[in-house]
>>> print(open('target02.txt').read())   # compact mmCIF, C-alpha atoms and all ligand atoms
# COMPACT_ATOMS: atom_id res chain seq x y z
CA MET A 768 18.88 -9.24 -27.26
CA VAL A 769 16.07 -6.80 -27.94
CA ASN A 770 12.93 -7.87 -29.77
CA VAL A 771 11.25 -4.89 -31.46
CA ILE A 772 7.58 -5.63 -32.12
CA GLY A 773 6.02 -3.68 -35.01
CA LEU A 774 8.31 -2.61 -37.84
CA GLY A 775 6.47 0.43 -39.18
CA TYR A 776 7.50 4.07 -39.35
CA ILE A 777 8.73 4.02 -35.75
CA GLY A 778 9.68 0.43 -34.99
CA LEU A 779 11.86 -0.13 -38.06
CA PRO A 780 14.17 2.90 -37.66
CA THR A 781 14.40 2.23 -33.92
CA ALA A 782 15.39 -1.39 -34.50
CA LEU A 783 17.91 -0.39 -37.17
CA MET A 784 19.38 2.34 -34.98
CA MET A 785 19.89 -0.02 -32.04
CA ALA A 786 21.39 -2.74 -34.23
CA SER A 787 23.78 -0.32 -35.89
CA HIS A 788 24.95 0.74 -32.42
CA GLY A 789 25.93 -2.70 -31.26
CA VAL A 790 22.68 -3.99 -29.75
CA GLU A 791 21.60 -7.47 -30.82
CA VAL A 792 18.16 -6.94 -32.36
CA VAL A 793 15.42 -9.06 -33.87
CA GLY A 794 12.55 -7.12 -35.43
CA THR A 795 9.17 -8.84 -35.40
CA ASP A 796 6.10 -7.89 -37.39
CA TYR A 797 3.02 -9.99 -38.07
CA ASN A 798 2.85 -8.60 -41.59
CA LYS A 799 4.51 -11.43 -43.54
CA GLU A 800 4.93 -9.36 -46.71
CA LEU A 801 6.69 -6.60 -44.79
CA VAL A 802 9.08 -9.07 -43.12
CA ALA A 803 9.76 -10.75 -46.49
CA THR A 804 10.57 -7.35 -48.04
CA LEU A 805 13.03 -6.56 -45.24
CA ASN A 806 14.57 -10.02 -45.45
CA ALA A 807 14.98 -9.54 -49.20
CA GLY A 808 17.15 -6.53 -48.39
CA HIS A 809 14.67 -3.73 -49.11
CA THR A 810 13.36 -0.98 -46.84
CA THR A 811 9.59 -0.54 -46.67
CA PHE A 812 9.27 3.26 -46.87
CA LYS A 813 11.27 6.26 -47.99
CA GLU A 814 13.09 8.33 -45.41
CA ASP A 815 16.30 10.34 -45.48
CA GLY A 816 19.22 8.19 -44.34
CA LEU A 817 17.08 5.07 -43.80
CA GLU A 818 18.69 3.04 -46.57
CA GLU A 819 22.20 3.66 -45.21
CA LEU A 820 21.05 2.84 -41.68
CA PHE A 821 19.41 -0.35 -42.99
CA GLN A 822 22.66 -1.47 -44.61
CA GLU A 823 24.61 -0.74 -41.39
CA ALA A 824 22.09 -2.72 -39.33
CA LEU A 825 22.23 -5.64 -41.78
CA SER A 826 26.01 -5.69 -41.51
CA ALA A 827 25.64 -5.63 -37.73
CA GLY A 828 23.45 -8.74 -37.92
CA ILE A 829 19.86 -7.51 -37.40
CA LYS A 830 17.23 -10.19 -38.09
CA PHE A 831 13.59 -9.82 -39.14
CA SER A 832 10.91 -12.35 -38.31
CA THR A 833 7.20 -12.91 -37.90
CA GLU A 834 7.93 -14.80 -34.66
CA TYR A 835 8.09 -13.27 -31.19
CA GLN A 836 11.46 -14.01 -29.61
CA VAL A 837 12.45 -15.42 -26.22
CA THR A 838 14.46 -12.56 -24.73
CA ASP A 839 14.62 -10.16 -21.79
CA ILE A 840 13.66 -6.84 -23.47
CA TYR A 841 10.73 -6.20 -25.81
CA ILE A 842 9.97 -2.87 -27.48
CA VAL A 843 6.39 -2.57 -28.69
CA SER A 844 5.77 -0.06 -31.47
CA VAL A 845 2.36 -0.86 -32.90
CA PRO A 846 -0.43 1.53 -33.98
CA THR A 847 -2.61 3.40 -31.50
CA PRO A 848 -5.54 4.89 -33.41
CA TYR A 849 -8.46 6.61 -31.71
CA ASP A 850 -12.04 5.51 -31.67
CA LYS A 851 -13.78 7.89 -34.09
CA PHE A 852 -16.92 8.01 -31.90
CA SER A 853 -15.59 8.18 -28.34
CA LYS A 854 -12.25 9.80 -29.35
CA LYS A 855 -10.54 7.55 -26.79
CA VAL A 856 -7.31 5.75 -27.58
CA ASP A 857 -7.86 2.34 -29.11
CA ALA A 858 -5.29 0.21 -27.30
CA CYS A 859 -6.26 -3.06 -28.97
CA TYR A 860 -3.03 -3.34 -31.01
CA VAL A 861 -0.85 -2.68 -27.97
CA VAL A 862 -2.75 -5.20 -25.86
CA ALA A 863 -2.64 -7.83 -28.61
CA ALA A 864 1.11 -7.34 -29.08
CA VAL A 865 1.73 -7.55 -25.31
CA LYS A 866 -0.32 -10.74 -25.10
CA SER A 867 1.70 -12.28 -27.94
CA VAL A 868 4.93 -11.32 -26.18
CA LEU A 869 3.70 -12.87 -22.93
CA LYS A 870 3.36 -16.25 -24.66
CA VAL A 871 7.15 -16.41 -25.04
CA ALA A 872 8.58 -13.94 -22.50
CA PRO A 873 10.72 -15.47 -19.76
CA LYS A 874 10.28 -14.38 -16.15
CA GLY A 875 12.01 -11.09 -15.39
CA ALA A 876 11.56 -9.69 -18.92
CA THR A 877 10.82 -6.00 -19.53
CA ILE A 878 8.15 -4.85 -21.98
CA VAL A 879 8.71 -1.31 -23.23
CA VAL A 880 5.67 0.22 -24.89
CA GLU A 881 6.84 2.90 -27.34
CA SER A 882 3.43 3.43 -28.94
CA THR A 883 1.79 6.73 -28.05
CA VAL A 884 -0.98 6.16 -25.50
CA SER A 885 -3.25 8.37 -23.39
CA PRO A 886 -2.51 8.80 -19.68
CA GLY A 887 -3.69 5.74 -17.81
CA THR A 888 -3.60 3.34 -20.77
CA MET A 889 -0.84 1.20 -19.30
CA GLU A 890 -2.81 1.02 -16.05
CA LYS A 891 -6.21 0.34 -17.63
CA PHE A 892 -5.27 -1.98 -20.48
CA VAL A 893 -1.70 -3.27 -20.34
CA ARG A 894 -1.42 -4.16 -16.63
CA PRO A 895 -4.63 -6.25 -16.61
CA ALA A 896 -3.47 -8.07 -19.77
CA VAL A 897 -0.22 -8.99 -18.02
CA GLU A 898 -1.89 -10.00 -14.75
CA GLU A 899 -4.60 -12.04 -16.49
CA ASN A 900 -1.80 -14.14 -17.93
CA GLY A 901 -0.58 -15.02 -14.46
CA PHE A 902 2.45 -12.69 -14.32
CA VAL A 903 3.25 -10.53 -11.32
CA ILE A 904 4.18 -7.04 -12.47
CA GLY A 905 7.47 -5.85 -10.98
CA LYS A 906 8.60 -9.44 -10.44
CA ASP A 907 7.82 -11.61 -13.47
CA ILE A 908 7.33 -8.75 -15.95
CA HIS A 909 8.50 -5.14 -15.79
CA LEU A 910 6.55 -2.46 -17.62
CA VAL A 911 8.01 0.65 -19.18
CA HIS A 912 6.54 3.36 -21.40
CA ALA A 913 9.06 5.11 -23.65
CA PRO A 914 7.19 7.33 -26.12
CA GLU A 915 8.82 8.34 -29.38
CA ARG A 916 9.11 11.93 -30.64
CA ILE A 917 10.74 11.61 -34.07
CA ILE A 918 9.26 13.32 -37.11
CA PRO A 919 8.99 11.66 -40.54
CA GLY A 920 11.38 13.36 -42.93
CA ASN A 921 14.05 13.76 -40.25
CA MET A 922 13.75 10.48 -38.35
CA VAL A 923 17.32 9.27 -38.45
CA TYR A 924 18.73 12.58 -37.20
CA GLU A 925 16.05 12.94 -34.53
CA LEU A 926 16.52 9.39 -33.27
CA LEU A 927 20.12 10.31 -32.59
CA TYR A 928 19.64 13.76 -31.09
CA ASN A 929 16.13 14.16 -29.62
CA ASN A 930 15.67 14.11 -25.86
CA ARG A 931 13.64 11.15 -24.65
CA THR A 932 11.30 10.20 -21.80
CA ILE A 933 11.26 6.84 -20.04
CA GLY A 934 8.38 6.03 -17.68
CA ALA A 935 8.82 3.09 -15.33
CA ASP A 936 7.33 1.81 -12.05
CA ASP A 937 10.76 0.88 -10.83
CA ARG A 938 13.59 3.44 -11.05
CA ALA A 939 16.23 0.73 -11.55
CA ILE A 940 14.35 -0.71 -14.52
CA GLY A 941 13.91 2.82 -15.91
CA GLU A 942 17.67 3.38 -15.65
CA LYS A 943 18.36 0.03 -17.35
CA ILE A 944 16.15 0.97 -20.30
CA LYS A 945 17.74 4.43 -20.34
CA GLY A 946 21.06 2.63 -20.77
CA LEU A 947 19.67 0.75 -23.76
CA TYR A 948 18.47 3.94 -25.50
CA SER A 949 21.77 5.63 -24.60
CA SER A 950 23.46 3.16 -26.95
CA PHE A 951 22.47 5.53 -29.77
CA CYS A 952 20.59 8.52 -28.31
CA GLN A 953 22.76 11.57 -27.70
CA GLY A 954 19.90 13.65 -26.27
CA GLU A 955 18.97 13.91 -22.60
CA ILE A 956 16.91 10.97 -21.32
CA VAL A 957 14.54 11.69 -18.42
CA VAL A 958 13.35 8.82 -16.23
CA THR A 959 9.93 9.35 -14.67
CA ASP A 960 6.79 7.36 -13.84
CA ILE A 961 4.62 5.72 -16.48
CA LYS A 962 1.57 8.03 -16.32
CA THR A 963 3.74 11.15 -16.53
CA ALA A 964 5.51 9.70 -19.59
CA GLU A 965 2.15 8.89 -21.20
CA MET A 966 0.82 12.39 -20.55
CA THR A 967 3.94 14.25 -21.73
CA LYS A 968 3.87 12.66 -25.17
CA VAL A 969 0.18 13.43 -25.71
CA VAL A 970 0.62 16.97 -24.35
CA GLU A 971 3.51 17.67 -26.73
CA ASN A 972 1.41 16.80 -29.77
CA THR A 973 -1.58 18.62 -28.34
CA PHE A 974 0.53 21.77 -27.94
CA ARG A 975 1.40 21.54 -31.62
CA ALA A 976 -2.23 20.89 -32.68
CA VAL A 977 -3.59 23.83 -30.68
CA ASN A 978 -0.97 26.19 -32.09
CA ILE A 979 -1.66 25.06 -35.65
CA ALA A 980 -5.38 25.52 -35.07
CA PHE A 981 -4.72 29.07 -33.88
CA ALA A 982 -2.86 29.86 -37.12
CA ASN A 983 -5.63 28.24 -39.18
CA GLU A 984 -8.27 30.25 -37.33
CA LEU A 985 -6.34 33.47 -37.99
CA ALA A 986 -6.26 32.56 -41.69
CA ARG A 987 -10.04 32.24 -41.69
CA ILE A 988 -10.57 35.55 -39.86
CA CYS A 989 -8.18 37.30 -42.24
CA ARG A 990 -9.83 35.72 -45.29
CA HIS A 991 -13.25 36.87 -44.07
CA ASP A 992 -12.14 40.48 -43.86
CA ASN A 993 -9.56 40.54 -46.62
CA MET A 994 -6.43 40.85 -44.46
CA ASP A 995 -3.04 39.31 -45.27
CA VAL A 996 -2.55 36.62 -42.62
CA TYR A 997 1.10 36.03 -43.58
CA GLU A 998 2.03 39.69 -43.24
CA ILE A 999 0.16 39.86 -39.93
CA ILE A 1000 1.87 36.75 -38.53
CA LYS A 1001 5.25 38.01 -39.71
CA ILE A 1002 4.78 41.32 -37.87
CA CYS A 1003 3.31 39.70 -34.74
CA ASN A 1004 6.27 37.31 -34.57
CA MET A 1005 8.58 40.32 -34.28
CA HIS A 1006 7.15 40.72 -30.76
CA PRO A 1007 9.68 39.11 -28.41
CA ARG A 1008 7.12 36.79 -26.80
CA VAL A 1009 4.97 35.86 -29.81
CA ASN A 1010 5.68 32.90 -32.08
CA ILE A 1011 2.69 32.07 -34.27
CA LEU A 1012 2.88 29.10 -36.62
CA GLN A 1013 1.90 29.22 -40.30
CA PRO A 1014 -1.61 28.25 -41.40
CA GLY A 1015 -2.01 25.33 -43.80
CA PRO A 1016 -4.52 23.08 -45.57
CA GLY A 1017 -5.09 20.90 -42.50
CA VAL A 1018 -3.26 18.44 -40.30
CA GLY A 1019 -2.45 14.82 -41.05
CA GLY A 1020 -0.07 12.10 -40.01
CA HIS A 1021 -0.19 9.62 -37.23
CA CYS A 1022 0.45 11.98 -34.31
CA ILE A 1023 -0.87 15.56 -34.30
CA SER A 1024 -4.15 14.67 -35.96
CA VAL A 1025 -4.70 11.71 -33.61
CA ASP A 1026 -3.14 12.02 -30.14
CA PRO A 1027 -4.94 15.19 -28.91
CA TRP A 1028 -8.23 13.38 -29.41
CA PHE A 1029 -7.18 10.98 -26.63
CA LEU A 1030 -7.45 13.86 -24.14
CA VAL A 1031 -10.81 14.94 -25.55
CA GLY A 1032 -12.02 11.35 -25.27
CA ASP A 1033 -10.83 10.91 -21.69
CA TYR A 1034 -11.60 14.41 -20.35
CA PRO A 1035 -14.52 15.65 -22.48
CA SER A 1036 -15.72 18.26 -20.00
CA LEU A 1037 -12.22 19.65 -19.43
CA ALA A 1038 -10.44 19.52 -22.79
CA LYS A 1039 -12.47 22.32 -24.42
CA VAL A 1040 -9.69 24.27 -26.16
CA ILE A 1041 -8.24 21.00 -27.43
CA ASP A 1042 -11.61 19.84 -28.75
CA GLU A 1043 -12.21 23.10 -30.64
CA SER A 1044 -8.65 23.08 -31.99
CA MET A 1045 -9.01 19.58 -33.36
CA LYS A 1046 -12.33 20.49 -34.98
CA THR A 1047 -10.71 23.57 -36.54
CA ASN A 1048 -7.83 21.53 -37.97
CA ASP A 1049 -10.13 18.76 -39.16
CA SER A 1050 -12.36 21.22 -41.00
CA GLN A 1051 -9.47 23.02 -42.69
CA PRO A 1052 -9.57 20.78 -45.82
CA ASP A 1053 -13.25 21.77 -46.18
CA PHE A 1054 -12.19 25.40 -45.91
CA VAL A 1055 -9.70 24.80 -48.75
CA LEU A 1056 -12.42 23.12 -50.82
CA ASN A 1057 -14.53 26.21 -50.37
CA ARG A 1058 -11.58 28.42 -51.42
CA ILE A 1059 -11.25 26.32 -54.59
CA TYR A 1060 -14.91 26.96 -55.34
CA GLU A 1061 -14.56 30.74 -54.73
CA ILE A 1062 -11.43 31.01 -56.88
CA MET A 1063 -12.96 28.96 -59.70
CA LYS A 1064 -15.96 31.30 -59.68
CA GLU A 1065 -13.75 34.39 -59.71
CA ASN A 1066 -11.86 32.98 -62.71
CA LYS A 1067 -15.06 31.84 -64.44
CA MET A 1068 -13.89 28.24 -64.31
CA THR A 1069 -16.66 25.67 -64.36
CA ASP A 1070 -14.87 22.39 -65.03
CA VAL A 1071 -13.60 20.81 -61.82
CA GLU A 1072 -11.61 18.35 -63.92
CA ARG A 1073 -9.27 21.22 -64.79
CA VAL A 1074 -8.33 21.61 -61.11
CA GLY A 1075 -5.40 19.66 -59.70
CA LEU A 1076 -4.24 19.04 -56.14
CA TYR A 1077 -0.46 19.01 -55.80
CA GLY A 1078 0.53 16.61 -53.01
CA LEU A 1079 -1.12 13.62 -51.35
CA THR A 1080 1.15 13.03 -48.37
CA TYR A 1081 0.51 14.57 -44.98
CA LYS A 1082 3.76 16.55 -45.05
CA GLU A 1083 6.56 17.52 -47.38
CA ASN A 1084 9.20 15.17 -48.77
CA VAL A 1085 7.83 11.96 -47.21
CA ASP A 1086 5.62 9.18 -48.63
CA ASP A 1087 3.31 8.85 -45.60
CA MET A 1088 -0.28 9.68 -46.58
CA ARG A 1089 -2.04 8.77 -43.34
CA GLU A 1090 -4.85 11.21 -42.45
CA SER A 1091 -3.47 13.62 -45.06
CA PRO A 1092 -5.36 16.88 -45.73
CA THR A 1093 -5.55 15.96 -49.43
CA LEU A 1094 -7.25 12.65 -48.63
CA GLN A 1095 -9.60 14.52 -46.28
CA LEU A 1096 -10.35 17.06 -49.01
CA LEU A 1097 -11.08 14.31 -51.55
CA GLU A 1098 -13.38 12.67 -49.04
CA SER A 1099 -15.13 15.98 -48.61
CA GLN A 1100 -15.48 16.29 -52.41
CA GLU A 1101 -17.10 12.86 -52.44
CA ARG A 1102 -19.41 13.80 -49.56
CA HIS A 1103 -20.57 16.73 -51.67
CA LEU A 1104 -21.41 14.16 -54.37
CA ALA A 1105 -18.74 15.63 -56.64
CA THR A 1106 -15.82 14.07 -58.53
CA GLY A 1107 -13.10 15.13 -60.90
CA LEU A 1108 -10.28 16.80 -58.95
CA LYS A 1109 -6.95 15.65 -60.31
CA VAL A 1110 -4.10 14.67 -57.98
CA TYR A 1111 -0.34 14.29 -58.23
CA ASP A 1112 2.38 13.52 -55.69
CA PRO A 1113 6.00 12.73 -56.57
CA PHE A 1114 6.33 10.50 -53.49
CA VAL A 1115 3.27 8.32 -54.12
CA GLU A 1116 4.08 5.73 -56.75
CA LYS A 1117 1.02 3.50 -56.31
CA ASP A 1118 -2.44 4.52 -57.54
CA VAL A 1119 -4.37 5.33 -54.38
CA VAL A 1120 -7.05 7.77 -55.54
CA ASP A 1121 -9.01 8.50 -58.72
CA ASN A 1122 -7.50 10.81 -61.34
CA GLN A 1123 -3.99 10.38 -59.97
CA TYR A 1124 -0.92 11.36 -62.00
CA HIS A 1125 2.67 10.18 -61.66
CA ASP A 1126 4.35 12.83 -63.76
CA LEU A 1127 4.43 16.54 -62.92
CA ASP A 1128 4.44 17.76 -66.53
CA LYS A 1129 1.52 15.54 -67.57
CA PHE A 1130 -0.40 16.65 -64.47
CA LEU A 1131 0.20 20.33 -65.18
CA ALA A 1132 -0.72 19.92 -68.86
CA ASP A 1133 -4.16 18.62 -67.83
CA VAL A 1134 -5.13 21.36 -65.34
CA ASP A 1135 -5.70 25.12 -65.36
CA MET A 1136 -5.74 25.53 -61.61
CA VAL A 1137 -3.23 24.01 -59.16
CA VAL A 1138 -3.78 23.78 -55.41
CA ILE A 1139 -0.53 23.44 -53.47
CA MET A 1140 -1.50 21.03 -50.69
CA VAL A 1141 2.02 19.87 -49.79
CA LYS A 1142 5.25 21.88 -49.94
CA HIS A 1143 7.46 19.18 -51.45
CA ASN A 1144 10.86 20.48 -52.59
CA GLU A 1145 9.92 19.36 -56.12
CA ILE A 1146 7.35 22.12 -56.58
CA LYS A 1147 9.59 24.75 -54.97
CA ASP A 1148 12.26 23.79 -57.51
CA ASN A 1149 9.78 23.82 -60.42
CA MET A 1150 7.82 26.92 -59.51
CA LYS A 1151 8.24 28.39 -63.01
CA LYS A 1152 6.15 25.54 -64.43
CA LEU A 1153 3.14 27.06 -62.65
CA LYS A 1154 3.28 30.24 -64.74
CA GLY A 1155 -0.02 30.87 -66.51
CA LYS A 1156 -1.96 28.63 -64.10
CA VAL A 1157 -4.40 29.77 -61.47
CA VAL A 1158 -2.61 28.81 -58.24
CA LEU A 1159 -4.05 28.38 -54.75
CA ASP A 1160 -0.98 28.14 -52.53
CA CYS A 1161 -1.95 26.72 -49.13
CA HIS A 1162 1.61 27.09 -47.79
CA ASN A 1163 2.69 30.51 -49.06
CA ILE A 1164 5.71 29.10 -50.89
CA ILE A 1165 4.98 30.04 -54.51
CA ASN A 1166 6.57 33.29 -55.42
CA LEU A 1167 4.60 34.19 -58.57
CA PRO A 1168 2.27 37.12 -59.26
CA GLY A 1169 -1.46 36.56 -58.74
CA VAL A 1170 -1.14 33.51 -56.50
CA TYR A 1171 -4.15 32.94 -54.23
CA HIS A 1172 -3.84 31.98 -50.58
CA ILE A 1173 -6.11 30.32 -48.05
N1 LIG B 1201 4.67 7.74 -37.42
C1 LIG B 1201 5.08 8.70 -36.64
O1 LIG B 1201 5.51 9.75 -37.09
C2 LIG B 1201 5.09 8.53 -35.12
C3 LIG B 1201 5.88 9.39 -34.35
C4 LIG B 1201 5.93 9.20 -32.98
C5 LIG B 1201 5.16 8.19 -32.40
N2 LIG B 1201 4.39 7.38 -33.17
C6 LIG B 1201 3.64 6.32 -32.53
O2 LIG B 1201 4.33 5.09 -32.75
C7 LIG B 1201 3.40 4.01 -32.81
C8 LIG B 1201 3.63 3.22 -34.08
O3 LIG B 1201 3.34 4.07 -35.17
P1 LIG B 1201 3.87 3.76 -36.63
O4 LIG B 1201 3.69 5.02 -37.39
O5 LIG B 1201 5.20 3.12 -36.59
O6 LIG B 1201 2.79 2.66 -37.08
P2 LIG B 1201 2.84 1.75 -38.40
O7 LIG B 1201 1.44 1.47 -38.75
O8 LIG B 1201 3.74 2.39 -39.42
O9 LIG B 1201 3.57 0.42 -37.93
C9 LIG B 1201 3.04 -0.45 -37.02
C10 LIG B 1201 3.51 -1.86 -37.37
O10 LIG B 1201 3.12 -2.72 -36.31
C11 LIG B 1201 2.75 -3.97 -36.87
N3 LIG B 1201 1.93 -4.65 -35.88
C12 LIG B 1201 0.74 -4.27 -35.37
N4 LIG B 1201 0.35 -5.14 -34.42
C13 LIG B 1201 1.32 -6.07 -34.30
C14 LIG B 1201 1.48 -7.21 -33.50
N5 LIG B 1201 0.57 -7.57 -32.58
N6 LIG B 1201 2.58 -7.96 -33.65
C15 LIG B 1201 3.52 -7.63 -34.58
N7 LIG B 1201 3.42 -6.55 -35.37
C16 LIG B 1201 2.33 -5.78 -35.23
C17 LIG B 1201 2.03 -3.61 -38.16
O11 LIG B 1201 2.01 -4.68 -39.07
C18 LIG B 1201 2.89 -2.42 -38.64
O12 LIG B 1201 3.91 -2.85 -39.52
C19 LIG B 1201 2.01 4.65 -32.71
O13 LIG B 1201 1.57 4.59 -31.39
C20 LIG B 1201 2.26 6.08 -33.10
O14 LIG B 1201 1.32 6.96 -32.54
C21 LIG B 1201 4.36 7.51 -34.53
>>> encode(input="target02.txt", output="structure tokens", more="lines below")
Ligand SMILES: NC(=O)c1ccc[n+]([C@@H]2O[C@H](COP(=O)([O-])OP(=O)(O)OC[C@H]3O[C@@H](n4cnc5c(N)ncnc54)[C@H](O)[C@@H]3O)[C@@H](O)[C@H]2O)c1
Amino acid sequence: MVNVIGLGYIGLPTALMMASHGVEVVGTDYNKELVATLNAGHTTFKEDGLEELFQEALSAGIKFSTEYQVTDIYIVSVPTPYDKFSKKVDACYVVAAVKSVLKVAPKGATIVVESTVSPGTMEKFVRPAVEENGFVIGKDIHLVHAPERIIPGNMVYELLYNNRTIGADDRAIGEKIKGLYSSFCQGEIVVTDIKTAEMTKVVENTFRAVNIAFANELARICRHDNMDVYEIIKICNMHPRVNILQPGPGVGGHCISVDPWFLVGDYPSLAKVIDESMKTNDSQPDFVLNRIYEIMKENKMTDVERVGLYGLTYKENVDDMRESPTLQLLESQERHLATGLKVYDPFVEKDVVDNQYHDLDKFLADVDMVVIMVKHNEIKDNMKKLKGKVVLDCHNIINLPGVYHI
């Protein structure tokens, strides 16, 4: 039996996927409300294919509990934020989860940490936690790091087809865990050592962050000198060895806006490009705020309450708002001692910010200017409704005359 610890965006689909492929699974989360929701037969977030997968896993006998189970394999998928001051990974959730597991784990059990961690975290934080509890690593407890690569919005597909990395001290244990993931994963699974596995995951997200920052920087240069960044990127990408990403309103989510900071925190004198890239991405919502101001001035608009932000989530067609550029922009508005921007997102049903709407038509009726912060399919399908509005399109998706860009 596998006990998956942490049933959030990563742990839940992983647990469901294993269960629906014949593995006996108990999912454990210390959030009682979340476990009660799952036990009542409801999923806890929206994701393509998740509901179907949930039903399959229920039929296959998956269980959800707040208790840690006595078993031989644990998969830990708990949050790994970064310390806002030092930028280092904050491993406190991982360590706490491992300590809870150790209270029930029998000798010979394997603890697989799936959470994203910076290189050396298992060595610095997890190993001591295990040893302090009297276990001998490699004999009483085996440690594995198996980072996850799936992207919200396409999680179920990517769980099935992405390649994976397994880091283990002991090759045989690595192969055993590879066998477990092979129950559902059709991608290639590489077995390596723990520190390499830790580093690869962080490097992958850092690669993405640096490339996004480059596109955002180009947008700023082009804006400064009145050049069309989209046309320029399109032409540059016709070069056989150039592949520039698209600029946007900023970076959010639990990975690309977080993980690269781990390297800045651990290697401050070496990770210079990464540091600058993260600062560029983090200041992009401020850049958008400034664009709103410029465009309002150009259109002789003075009432900020007639400006609406379309989209609150960190990416399109998901309900995850963590670190989202819109939330960052609203925070920036507040820091400038201003209020009034209206907000609407079709995926966010709860009221989470001031002046939030839950109906596209009502939202549009109350604003003269719309800022496209997220490229949800809804707005692509309802583009005509933006006619007559001043539009700042941060994603270059609105095909209407007179649209402004970042
Ligand atoms: N969300 C993503 O897109 C994504 C993608 C790849 C990797 N990751 C990584 O996966 C890890 C998990 O991220 P997430 O997005 O699933 O987080 P999440 O916040 O959605 O879920 C974490 C869950 O763990 C539970 N939890 C925390 N400590 C616990 C403990 N000691 N015992 C039991 N339950 C506990 C919380 O209640 C929560 O439900 C992070 O390291 C993240 O960086 C996330």
>>> residues_near_ligand(input="target02.txt", ligand="ligand LIG 1201 (chain B)", cutoff="6 Å", atoms="all atoms listed in the file", output="PyMOL selection string")
chain A and resi 772-778+795-798+844-847+860+863-864+882-883+915-919+1021-1022
>>> residues_around(input="target02.txt", residues="segment 896-898 of chain A", least_positions_apart="5", cutoff="8 Å", atoms="all atoms listed in the file", output="list in words")
Val862, Val865, Lys866, Leu869, Val903, Ile904 and Ile908 of chain A
>>> residues_around(input="target02.txt", residues="Met1136 of chain A", least_positions_apart="6", cutoff="7 Å", atoms="all atoms listed in the file", output="count of residues only")
6
>>> atom_distance(input="target02.txt", atom1="atom CA of Ile1002 of chain A", atom2="atom CA of Asp1049 of chain A")
27.1 Å
>>> axis_aligned_box(input="target02.txt", around="segment 876-881 of chain A", padding_each_side="8 Å", output="JSON")
{"center_x": 8.6, "center_y": -3.4, "center_z": -23.1, "size_x": 21.9, "size_y": 28.6, "size_z": 24.4}
>>> residues_around(input="target02.txt", residues="segment 934-951 of chain A", least_positions_apart="4", cutoff="9 Å", atoms="only C-alpha atoms", output="PDB file with C-alpha atoms, keeping the file's coordinate frame")
ATOM      1  CA  MET A 784      19.380   2.340 -34.980  1.00  0.00           C
ATOM      2  CA  MET A 785      19.890  -0.020 -32.040  1.00  0.00           C
ATOM      3  CA  SER A 787      23.780  -0.320 -35.890  1.00  0.00           C
ATOM      4  CA  HIS A 788      24.950   0.740 -32.420  1.00  0.00           C
ATOM      5  CA  GLY A 789      25.930  -2.700 -31.260  1.00  0.00           C
ATOM      6  CA  VAL A 790      22.680  -3.990 -29.750  1.00  0.00           C
ATOM      7  CA  ILE A 840      13.660  -6.840 -23.470  1.00  0.00           C
ATOM      8  CA  THR A 877      10.820  -6.000 -19.530  1.00  0.00           C
ATOM      9  CA  VAL A 879       8.710  -1.310 -23.230  1.00  0.00           C
ATOM     10  CA  GLY A 905       7.470  -5.850 -10.980  1.00  0.00           C
ATOM     11  CA  HIS A 909       8.500  -5.140 -15.790  1.00  0.00           C
ATOM     12  CA  LEU A 910       6.550  -2.460 -17.620  1.00  0.00           C
ATOM     13  CA  VAL A 911       8.010   0.650 -19.180  1.00  0.00           C
ATOM     14  CA  HIS A 912       6.540   3.360 -21.400  1.00  0.00           C
ATOM     15  CA  ALA A 913       9.060   5.110 -23.650  1.00  0.00           C
ATOM     16  CA  PRO A 914       7.190   7.330 -26.120  1.00  0.00           C
ATOM     17  CA  LEU A 926      16.520   9.390 -33.270  1.00  0.00           C
ATOM     18  CA  LEU A 927      20.120  10.310 -32.590  1.00  0.00           C
ATOM     19  CA  TYR A 928      19.640  13.760 -31.090  1.00  0.00           C
ATOM     20  CA  GLU A 955      18.970  13.910 -22.600  1.00  0.00           C
ATOM     21  CA  ILE A 956      16.910  10.970 -21.320  1.00  0.00           C
ATOM     22  CA  VAL A 957      14.540  11.690 -18.420  1.00  0.00           C
ATOM     23  CA  VAL A 958      13.350   8.820 -16.230  1.00  0.00           C
ATOM     24  CA  THR A 959       9.930   9.350 -14.670  1.00  0.00           C
ATOM     25  CA  ASP A 960       6.790   7.360 -13.840  1.00  0.00           C
ATOM     26  CA  ILE A 961       4.620   5.720 -16.480  1.00  0.00           C
ATOM     27  CA  LYS A 962       1.570   8.030 -16.320  1.00  0.00           C
ATOM     28  CA  THR A 963       3.740  11.150 -16.530  1.00  0.00           C
ATOM     29  CA  ALA A 964       5.510   9.700 -19.590  1.00  0.00           C
ATOM     30  CA  GLU A 965       2.150   8.890 -21.200  1.00  0.00           C
TER      31      GLU A 965
END
>>> atom_distance(input="target02.txt", atom1="atom CA of Pro1014 of chain A", atom2="atom CA of Asn993 of chain A")
15.5 Å
>>> closest_residue(input="target02.txt", among="A:Lys1067, A:Thr833, A:Glu819, A:Ile979", to="Val802 of chain A", atoms="all atoms listed in the file")
A:Thr833
>>> residues_around(input="target02.txt", residues="Asp1070 of chain A", least_positions_apart="6", cutoff="12 Å", atoms="only C-alpha atoms", output="short mmCIF file (atom, residue, chain, number, x, y, z; two decimals) with C-alpha atoms, in the coordinates of the input")
data_model
loop_
_atom_site.label_atom_id
_atom_site.label_comp_id
_atom_site.auth_asym_id
_atom_site.auth_seq_id
_atom_site.Cartn_x
_atom_site.Cartn_y
_atom_site.Cartn_z
CA ILE A 1059 -11.25 26.32 -54.59
CA TYR A 1060 -14.91 26.96 -55.34
CA MET A 1063 -12.96 28.96 -59.70
CA LYS A 1064 -15.96 31.30 -59.68
CA ALA A 1105 -18.74 15.63 -56.64
CA THR A 1106 -15.82 14.07 -58.53
CA GLY A 1107 -13.10 15.13 -60.90
CA LEU A 1108 -10.28 16.80 -58.95
CA LYS A 1109 -6.95 15.65 -60.31
CA ASP A 1133 -4.16 18.62 -67.83
CA VAL A 1134 -5.13 21.36 -65.34
CA ASP A 1135 -5.70 25.12 -65.36
CA MET A 1136 -5.74 25.53 -61.61
#
